[in-house]
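Raw contents of data-v1.txt, compact mmCIF, C-alpha atoms and all ligand atoms:
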```
# COMPACT_ATOMS: atom_id res chain seq x y z
CA MET A 1 81.50 45.90 100.05
CA ALA A 2 79.55 47.69 102.81
CA PRO A 3 75.85 48.39 102.15
CA PRO A 4 74.91 51.94 101.11
CA GLY A 5 74.79 54.27 104.08
CA ASP A 6 77.16 52.09 106.07
CA LYS A 7 79.17 54.17 108.55
CA SER A 8 82.59 53.06 107.32
CA GLU A 9 81.68 53.90 103.75
CA ALA A 10 80.42 57.32 104.83
CA SER A 11 83.63 58.17 106.66
CA GLU A 12 85.68 56.94 103.71
CA GLU A 13 83.60 59.18 101.46
CA ALA A 14 84.25 62.12 103.79
CA MET A 15 87.97 61.50 103.57
CA VAL A 16 88.06 61.49 99.79
CA ALA A 17 85.60 64.40 99.47
CA GLU A 18 86.81 67.45 97.59
CA PRO A 19 88.78 69.79 99.91
CA GLU A 20 85.95 72.38 99.64
CA GLN A 21 83.56 69.97 101.38
CA ARG A 22 85.74 68.92 104.33
CA PRO A 23 88.17 70.57 106.71
CA ILE A 24 91.66 71.20 105.34
CA SER A 25 93.78 68.22 106.31
CA THR A 26 97.27 68.15 104.74
CA ILE A 27 99.43 71.26 104.48
CA VAL A 28 102.82 71.77 102.84
CA ILE A 29 104.78 74.76 104.17
CA ILE A 30 107.64 75.90 101.90
CA ILE A 31 110.36 77.92 103.66
CA ALA A 32 113.61 78.77 101.83
CA MET A 33 116.05 79.57 104.65
CA GLN A 34 117.08 77.32 107.54
CA THR A 35 117.01 80.30 109.94
CA GLU A 36 113.37 80.87 109.00
CA ALA A 37 112.39 77.19 108.97
CA LEU A 38 113.83 75.78 112.22
CA PRO A 39 111.81 77.96 114.64
CA VAL A 40 108.62 76.79 112.89
CA VAL A 41 109.83 73.17 113.02
CA ASN A 42 110.37 73.52 116.77
CA LYS A 43 107.14 75.41 117.45
CA LEU A 44 105.02 72.78 115.65
CA GLN A 45 107.18 69.93 117.06
CA LEU A 46 107.90 68.51 113.62
CA LYS A 47 110.45 65.74 112.98
CA GLU A 48 112.91 65.37 110.14
CA ASP A 49 111.89 62.61 107.73
CA PRO A 50 114.55 59.86 107.84
CA ASP A 51 113.17 58.24 104.63
CA SER A 52 113.08 61.07 102.13
CA VAL A 53 110.11 61.27 99.78
CA PHE A 54 112.43 63.13 97.39
CA PRO A 55 114.91 61.72 94.84
CA PRO A 56 118.19 60.41 96.30
CA GLY A 57 120.94 63.01 96.56
CA VAL A 58 118.85 66.19 96.58
CA PRO A 59 119.39 68.50 99.59
CA TRP A 60 115.64 69.03 100.14
CA VAL A 61 114.50 68.34 103.71
CA ARG A 62 110.99 67.41 104.90
CA TYR A 63 109.93 67.93 108.50
CA TYR A 64 106.56 66.47 109.35
CA GLY A 65 104.11 65.84 112.15
CA THR A 66 100.53 66.05 113.30
CA TYR A 67 99.56 69.40 114.77
CA LYS A 68 96.02 69.52 116.17
CA ASP A 69 93.91 67.99 113.34
CA LEU A 70 96.42 68.77 110.60
CA ASN A 71 99.12 66.78 108.82
CA ILE A 72 101.92 69.29 108.48
CA ASN A 73 104.90 68.99 106.14
CA LEU A 74 107.51 71.70 106.18
CA ILE A 75 109.87 71.62 103.20
CA TRP A 76 113.21 73.40 103.31
CA PRO A 77 115.16 73.22 100.01
CA GLY A 78 118.34 72.65 102.02
CA LYS A 79 121.90 73.80 101.47
CA ASP A 80 123.46 74.13 98.04
CA PRO A 81 125.54 70.93 97.69
CA THR A 82 128.60 72.83 96.44
CA LEU A 83 128.52 76.12 98.32
CA GLY A 84 126.76 75.13 101.56
CA VAL A 85 124.38 78.09 101.67
CA ASP A 86 120.56 77.95 101.69
CA SER A 87 119.11 77.15 98.26
CA VAL A 88 117.11 80.37 98.00
CA GLY A 89 115.40 81.64 94.87
CA THR A 90 112.86 80.64 92.28
CA VAL A 91 114.51 77.51 90.83
CA SER A 92 114.81 75.59 94.09
CA SER A 93 111.43 76.75 95.39
CA ALA A 94 109.65 75.68 92.17
CA LEU A 95 111.37 72.29 92.26
CA VAL A 96 110.51 71.55 95.91
CA THR A 97 106.94 72.76 95.45
CA TYR A 98 106.51 70.39 92.50
CA ALA A 99 108.12 67.44 94.27
CA ALA A 100 106.20 68.04 97.52
CA ILE A 101 102.84 68.26 95.76
CA GLN A 102 103.56 65.07 93.80
CA ALA A 103 104.69 63.14 96.88
CA LEU A 104 102.35 64.51 99.55
CA LYS A 105 99.16 65.60 97.72
CA PRO A 106 98.50 68.54 100.05
CA ASP A 107 95.20 70.41 100.26
CA LEU A 108 97.05 73.66 100.76
CA ILE A 109 100.52 75.20 100.23
CA ILE A 110 101.81 77.89 102.57
CA ASN A 111 104.92 79.76 101.43
CA ALA A 112 106.36 81.60 104.41
CA GLY A 113 109.50 83.69 104.57
CA THR A 114 111.15 87.06 104.88
CA ALA A 115 110.76 89.83 102.35
CA GLY A 116 111.83 93.34 101.54
CA GLY A 117 109.12 95.94 102.04
CA PHE A 118 108.29 99.32 100.53
CA LYS A 119 107.79 101.97 103.17
CA ALA A 120 106.09 104.14 100.53
CA LYS A 121 103.39 101.43 100.38
CA GLY A 122 103.01 101.22 104.16
CA ALA A 123 105.47 98.43 105.06
CA ASN A 124 107.53 98.56 108.27
CA ILE A 125 110.29 96.28 109.59
CA GLY A 126 108.69 93.28 111.35
CA ASP A 127 105.32 93.59 109.60
CA ILE A 128 103.65 90.34 108.57
CA PHE A 129 101.87 90.43 105.22
CA VAL A 130 99.31 88.08 103.74
CA VAL A 131 99.80 88.25 99.98
CA LEU A 132 96.92 89.07 97.62
CA ASP A 133 98.77 88.23 94.41
CA CYS A 134 102.27 87.39 93.16
CA ALA A 135 104.16 88.41 90.02
CA PHE A 136 107.77 88.39 88.78
CA HIS A 137 109.81 91.58 88.33
CA ASP A 138 112.92 90.21 86.57
CA ARG A 139 111.44 88.33 83.62
CA ARG A 140 111.36 91.05 80.99
CA ILE A 141 110.22 89.77 77.57
CA PRO A 142 109.14 92.80 75.51
CA ILE A 143 107.10 90.88 72.96
CA PRO A 144 103.28 90.91 73.07
CA VAL A 145 101.82 88.22 75.34
CA PHE A 146 105.31 86.93 76.28
CA ASP A 147 105.51 90.12 78.36
CA LEU A 148 102.49 88.93 80.39
CA TYR A 149 103.94 85.41 80.62
CA GLY A 150 107.13 86.90 82.06
CA ILE A 151 105.23 88.91 84.68
CA GLY A 152 103.34 85.73 85.61
CA LEU A 153 100.65 87.34 87.76
CA ARG A 154 98.84 84.83 89.97
CA LYS A 155 96.28 85.30 92.73
CA ALA A 156 96.79 83.81 96.16
CA CYS A 157 94.05 81.81 97.86
CA GLU A 158 91.57 84.32 99.35
CA THR A 159 91.62 84.38 103.15
CA PRO A 160 89.45 87.34 104.28
CA ASN A 161 88.52 85.81 107.65
CA LEU A 162 92.12 84.88 108.46
CA VAL A 163 93.34 88.41 107.65
CA LYS A 164 90.59 89.96 109.79
CA GLU A 165 90.90 87.60 112.75
CA LEU A 166 94.72 87.78 112.94
CA ASN A 167 94.77 91.49 112.08
CA LEU A 168 97.45 91.01 109.39
CA LYS A 169 98.45 93.48 106.68
CA VAL A 170 97.65 92.58 103.07
CA GLY A 171 99.64 93.50 99.98
CA LYS A 172 100.91 92.37 96.60
CA LEU A 173 104.18 90.44 96.27
CA SER A 174 106.82 90.79 93.57
CA THR A 175 109.42 88.03 93.12
CA GLY A 176 112.86 88.02 91.54
CA ASP A 177 116.12 86.09 91.91
CA SER A 178 118.12 88.98 93.43
CA LEU A 179 118.21 90.38 96.95
CA ASP A 180 119.13 93.82 95.65
CA MET A 181 117.07 95.86 93.21
CA THR A 182 118.14 97.40 89.91
CA GLN A 183 116.30 100.43 88.50
CA GLN A 184 114.60 98.14 86.00
CA ASP A 185 113.50 95.80 88.80
CA GLU A 186 112.14 98.79 90.73
CA ALA A 187 110.10 99.98 87.73
CA SER A 188 108.63 96.47 87.33
CA ILE A 189 107.88 96.16 91.05
CA ILE A 190 106.06 99.51 90.95
CA ALA A 191 104.17 98.34 87.85
CA ASN A 192 103.25 95.18 89.81
CA ASP A 193 101.91 97.51 92.56
CA ALA A 194 103.84 95.40 95.10
CA THR A 195 104.31 96.20 98.78
CA VAL A 196 106.66 93.27 99.45
CA LYS A 197 109.52 91.76 97.44
CA ASP A 198 110.87 88.23 97.83
CA MET A 199 112.80 85.54 95.93
CA GLU A 200 110.33 82.62 95.89
CA GLY A 201 106.63 83.51 96.02
CA ALA A 202 105.69 83.83 92.35
CA ALA A 203 107.57 80.60 91.54
CA VAL A 204 105.65 78.70 94.23
CA ALA A 205 102.42 80.28 92.91
CA TYR A 206 103.23 79.11 89.37
CA VAL A 207 103.66 75.47 90.38
CA ALA A 208 100.71 75.52 92.79
CA GLU A 209 98.44 76.83 90.03
CA LEU A 210 99.76 74.27 87.50
CA LEU A 211 98.94 71.45 89.90
CA LYS A 212 95.72 73.10 91.16
CA VAL A 213 96.67 73.41 94.81
CA PRO A 214 95.57 76.62 96.59
CA ALA A 215 98.45 78.63 98.04
CA ILE A 216 98.81 81.21 100.81
CA PHE A 217 101.86 83.46 101.21
CA ILE A 218 102.98 84.85 104.58
CA LYS A 219 105.85 87.34 104.31
CA ALA A 220 107.72 89.10 107.15
CA VAL A 221 109.56 92.35 106.37
CA THR A 222 113.31 92.35 107.22
CA ASP A 223 114.36 95.40 105.18
CA LEU A 224 112.92 98.46 103.52
CA VAL A 225 114.07 98.50 99.92
CA ASP A 226 113.15 102.16 99.41
CA SER A 227 115.29 103.35 102.37
CA ASP A 228 118.93 104.50 102.35
CA LYS A 229 120.28 101.44 104.20
CA PRO A 230 122.05 98.77 102.11
CA THR A 231 119.55 95.91 101.75
CA ALA A 232 121.93 93.03 102.60
CA GLU A 233 123.09 94.78 105.78
CA GLU A 234 119.55 95.61 106.95
CA PHE A 235 118.35 92.09 106.08
CA LEU A 236 121.08 90.39 108.13
CA GLN A 237 120.64 92.84 111.01
CA ASN A 238 116.89 92.13 111.32
CA LEU A 239 116.78 88.46 110.28
CA ALA A 240 116.72 86.89 113.78
CA ALA A 241 114.11 89.23 115.28
CA VAL A 242 111.84 89.16 112.24
CA THR A 243 112.12 85.37 111.98
CA ALA A 244 110.71 85.17 115.52
CA ALA A 245 107.73 87.28 114.41
CA LEU A 246 107.33 85.08 111.31
CA ASP A 247 107.23 81.80 113.24
CA GLN A 248 104.63 83.22 115.64
CA ALA A 249 102.53 84.32 112.67
CA VAL A 250 102.83 80.92 110.96
CA GLU A 251 101.64 79.20 114.16
CA LEU A 252 98.65 81.56 114.42
CA VAL A 253 97.80 80.96 110.75
CA ILE A 254 97.97 77.17 111.24
CA ASP A 255 95.85 77.45 114.40
CA PHE A 256 93.28 79.46 112.43
CA ILE A 257 93.20 76.97 109.54
CA ASN A 258 92.80 73.96 111.86
CA GLY A 259 89.30 72.45 111.53
CA LYS A 260 88.25 74.86 108.74
CA ARG A 261 87.22 74.43 105.12
CA PHE A 262 88.52 76.72 102.38
CA SER A 263 85.25 78.66 102.34
CA GLN A 264 85.82 79.56 106.01
CA LEU A 265 89.28 81.05 105.44
N1 LIG A 301 114.03 88.68 101.51
C1 LIG A 301 114.25 89.54 102.50
N2 LIG A 301 114.51 90.78 102.02
C2 LIG A 301 114.45 90.68 100.68
C3 LIG A 301 114.64 91.59 99.62
N3 LIG A 301 114.94 92.88 99.86
N4 LIG A 301 114.49 91.15 98.36
C4 LIG A 301 114.19 89.86 98.12
N5 LIG A 301 114.01 88.95 99.08
C5 LIG A 301 114.14 89.36 100.34
```

If you convert what's in this file into structure tokens, what do you get?
Amino acid sequence: MAPPGDKSEASEEAMVAEPEQRPISTIVIIIAMQTEALPVVNKLQLKEDPDSVFPPGVPWVRYYGTYKDLNINLIWPGKDPTLGVDSVGTVSSALVTYAAIQALKPDLIINAGTAGGFKAKGANIGDIFVVLDCAFHDRRIPIPVFDLYGIGLRKACETPNLVKELNLKVGKLSTGDSLDMTQQDEASIIANDATVKDMEGAAVAYVAELLKVPAIFIKAVTDLVDSDKPTAEEFLQNLAAVTAALDQAVELVIDFINGKRFSQL
């Protein structure tokens, strides 16, 4: 064993130090749709993992690489094995978040993706939001305390310097497993005081909190859910352009995080 104060021991200590005491090193980015994920993969020059860290047979895909001083892992839940469409929604996102944290032990989770926005709360198409907190809007359990469990309110990792430096909008996120919005969903989203609505965030937040990994949520607005346009149509119309804005924002966020500790975010 090296004597106390030996250089190699000191650097080893630095590597195992709590994430608060050293720069953030390993990041897991969770992105649900291939269209959203691939531009980020290309921008950060990530490679697909040929030896999956996930159980055999699952469609989950890991792209990885070193970007500046960071180990980046981007996880895309892949295509539904039967139907061949992206595995969007809370079930797949919770599963991949769990599996990625277990396999990769990240310091930080970033959930990035598109979202619906409320123009009444100041959202516009193409806006990028950093999320303050996440809750569910389609888990109605009208029994005391179970009601709060259903809502599942969780705070995101605080990033005041990132928000200021990158001049991003901030708002609350409400998550459900539907792209459209029933009247009951709308009432819950209003009760959640949300500006953006997605299909993954609160599920990622649940798993990240269980396993004590801080999480950041970056959401790009493809459609305004309180406008007259049908949501699915507006979403598909704006997906490509907004995805370009999202991948730029993710790169800027990663650039900002590089070399910083949590307290500097
Ligand atoms: N992703 C993009 N638009 C969305 C919406 N309106 N609801 C849920 N997720 C979305």

Could you list the protein, DNA and RNA residues that have any atom within 7 Å of ligand LIG 301 (chain A), counting all atoms listed in the file, and write them as an MDAnalysis selection string? chainID A and resid 114:117 176 178:180 197:199 221:225 231 235

Set out as a tab-separated table a contact list for range 158-198 of chain A and range 249-261 of chain A with a cut-off of 10 Å, giving each residue of range 158-198 of chain A that qualifies its closest atom pair and distance in Å to one decimal, counting all atoms listed in the file, ordered by chain and rising residue number.
```
residue	atom	partner	partner_atom	distance
A:Thr159	CA	A:Ile257	CA	9.9
A:Asn161	CA	A:Phe256	CA	9.3
A:Leu162	CA	A:Phe256	CA	6.8
A:Val163	CA	A:Val253	CA	9.2
A:Glu165	CA	A:Phe256	CA	8.5
A:Leu166	CA	A:Leu252	CA	7.5
A:Leu168	CA	A:Ala249	CA	9.0
```

Can you write out the residues you just picked, keeping C-alpha atoms, as a PDB file, in the frame of the given file?
```
ATOM      1  CA  THR A 159      91.620  84.380 103.150  1.00  0.00           C
ATOM      2  CA  ASN A 161      88.520  85.810 107.650  1.00  0.00           C
ATOM      3  CA  LEU A 162      92.120  84.880 108.460  1.00  0.00           C
ATOM      4  CA  VAL A 163      93.340  88.410 107.650  1.00  0.00           C
ATOM      5  CA  GLU A 165      90.900  87.600 112.750  1.00  0.00           C
ATOM      6  CA  LEU A 166      94.720  87.780 112.940  1.00  0.00           C
ATOM      7  CA  LEU A 168      97.450  91.010 109.390  1.00  0.00           C
TER       8      LEU A 168
END
```

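Reported to one decimal place, the separation of CA of Phe262 in chain A from CA of Tyr63 in chain A is 23.9 Å.
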
Write out as a PDB file with C-alpha atoms, in the coordinates of the input the residues lying within 9 Å of range 119-122 of chain A, counting all atoms listed in the file and excluding same-chain residues fewer than 4 positions away.
```pdb
ATOM      1  CA  GLY A 171      99.640  93.500  99.980  1.00  0.00           C
ATOM      2  CA  ASP A 193     101.910  97.510  92.560  1.00  0.00           C
ATOM      3  CA  ALA A 194     103.840  95.400  95.100  1.00  0.00           C
ATOM      4  CA  THR A 195     104.310  96.200  98.780  1.00  0.00           C
ATOM      5  CA  VAL A 196     106.660  93.270  99.450  1.00  0.00           C
ATOM      6  CA  LEU A 224     112.920  98.460 103.520  1.00  0.00           C
ATOM      7  CA  VAL A 225     114.070  98.500  99.920  1.00  0.00           C
ATOM      8  CA  ASP A 226     113.150 102.160  99.410  1.00  0.00           C
ATOM      9  CA  SER A 227     115.290 103.350 102.370  1.00  0.00           C
TER      10      SER A 227
END
```

Nearest candidate to Ala103 in chain A (options A:Leu132, A:Leu83, A:Val28, A:Val41; using only C-alpha atoms): A:Val28

Contact check, range 64-140 of chain A to range 148-155 of chain A, at most 10 Å, counting only C-alpha atoms, closest pairs as a tab-separated table:
```
residue	atom	partner	partner_atom	distance
A:Val131	CA	A:Lys155	CA	8.6
A:Leu132	CA	A:Lys155	CA	6.2
A:Asp133	CA	A:Lys155	CA	4.2
A:Cys134	CA	A:Arg154	CA	5.3
A:Ala135	CA	A:Leu153	CA	4.3
A:Phe136	CA	A:Ile151	CA	4.9
A:His137	CA	A:Ile151	CA	6.4
A:Asp138	CA	A:Ile151	CA	8.0
A:Arg139	CA	A:Gly150	CA	4.8
A:Arg140	CA	A:Gly150	CA	6.0
```

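Picture a line from CA of Ile109 in chain A to CA of Ala187 in chain A; it runs 29.4 Å.
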
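The interatomic distance for the pair CA of Asn238 in chain A and CA of Gly126 in chain A works out to 8.3 Å.
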
Excluding Val96 in chain A and its own-chain neighbours fewer than 2 positions away, which residues fall within 9 Å of it when counting only C-alpha atoms? Please give them as a list of chain:residue names. A:Ile30, A:Phe54, A:Trp60, A:Ile75, A:Trp76, A:Pro77, A:Val91, A:Ser92, A:Ser93, A:Ala94, A:Tyr98, A:Ala99, A:Ala100, A:Ile101, A:Val204

Restricting the output to C-alpha atoms, write the selected residues as a JSON list (two decimals), in the coordinates of the input.
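And here is the file that came out, out-v2.json:
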```json
[["chain", "number", "residue", "atom", "x", "y", "z"],
["A", 30, "ILE", "CA", 107.64, 75.90, 101.90],
["A", 54, "PHE", "CA", 112.43, 63.13, 97.39],
["A", 60, "TRP", "CA", 115.64, 69.03, 100.14],
["A", 75, "ILE", "CA", 109.87, 71.62, 103.20],
["A", 76, "TRP", "CA", 113.21, 73.40, 103.31],
["A", 77, "PRO", "CA", 115.16, 73.22, 100.01],
["A", 91, "VAL", "CA", 114.51, 77.51, 90.83],
["A", 92, "SER", "CA", 114.81, 75.59, 94.09],
["A", 93, "SER", "CA", 111.43, 76.75, 95.39],
["A", 94, "ALA", "CA", 109.65, 75.68, 92.17],
["A", 98, "TYR", "CA", 106.51, 70.39, 92.50],
["A", 99, "ALA", "CA", 108.12, 67.44, 94.27],
["A", 100, "ALA", "CA", 106.20, 68.04, 97.52],
["A", 101, "ILE", "CA", 102.84, 68.26, 95.76],
["A", 204, "VAL", "CA", 105.65, 78.70, 94.23]]
```
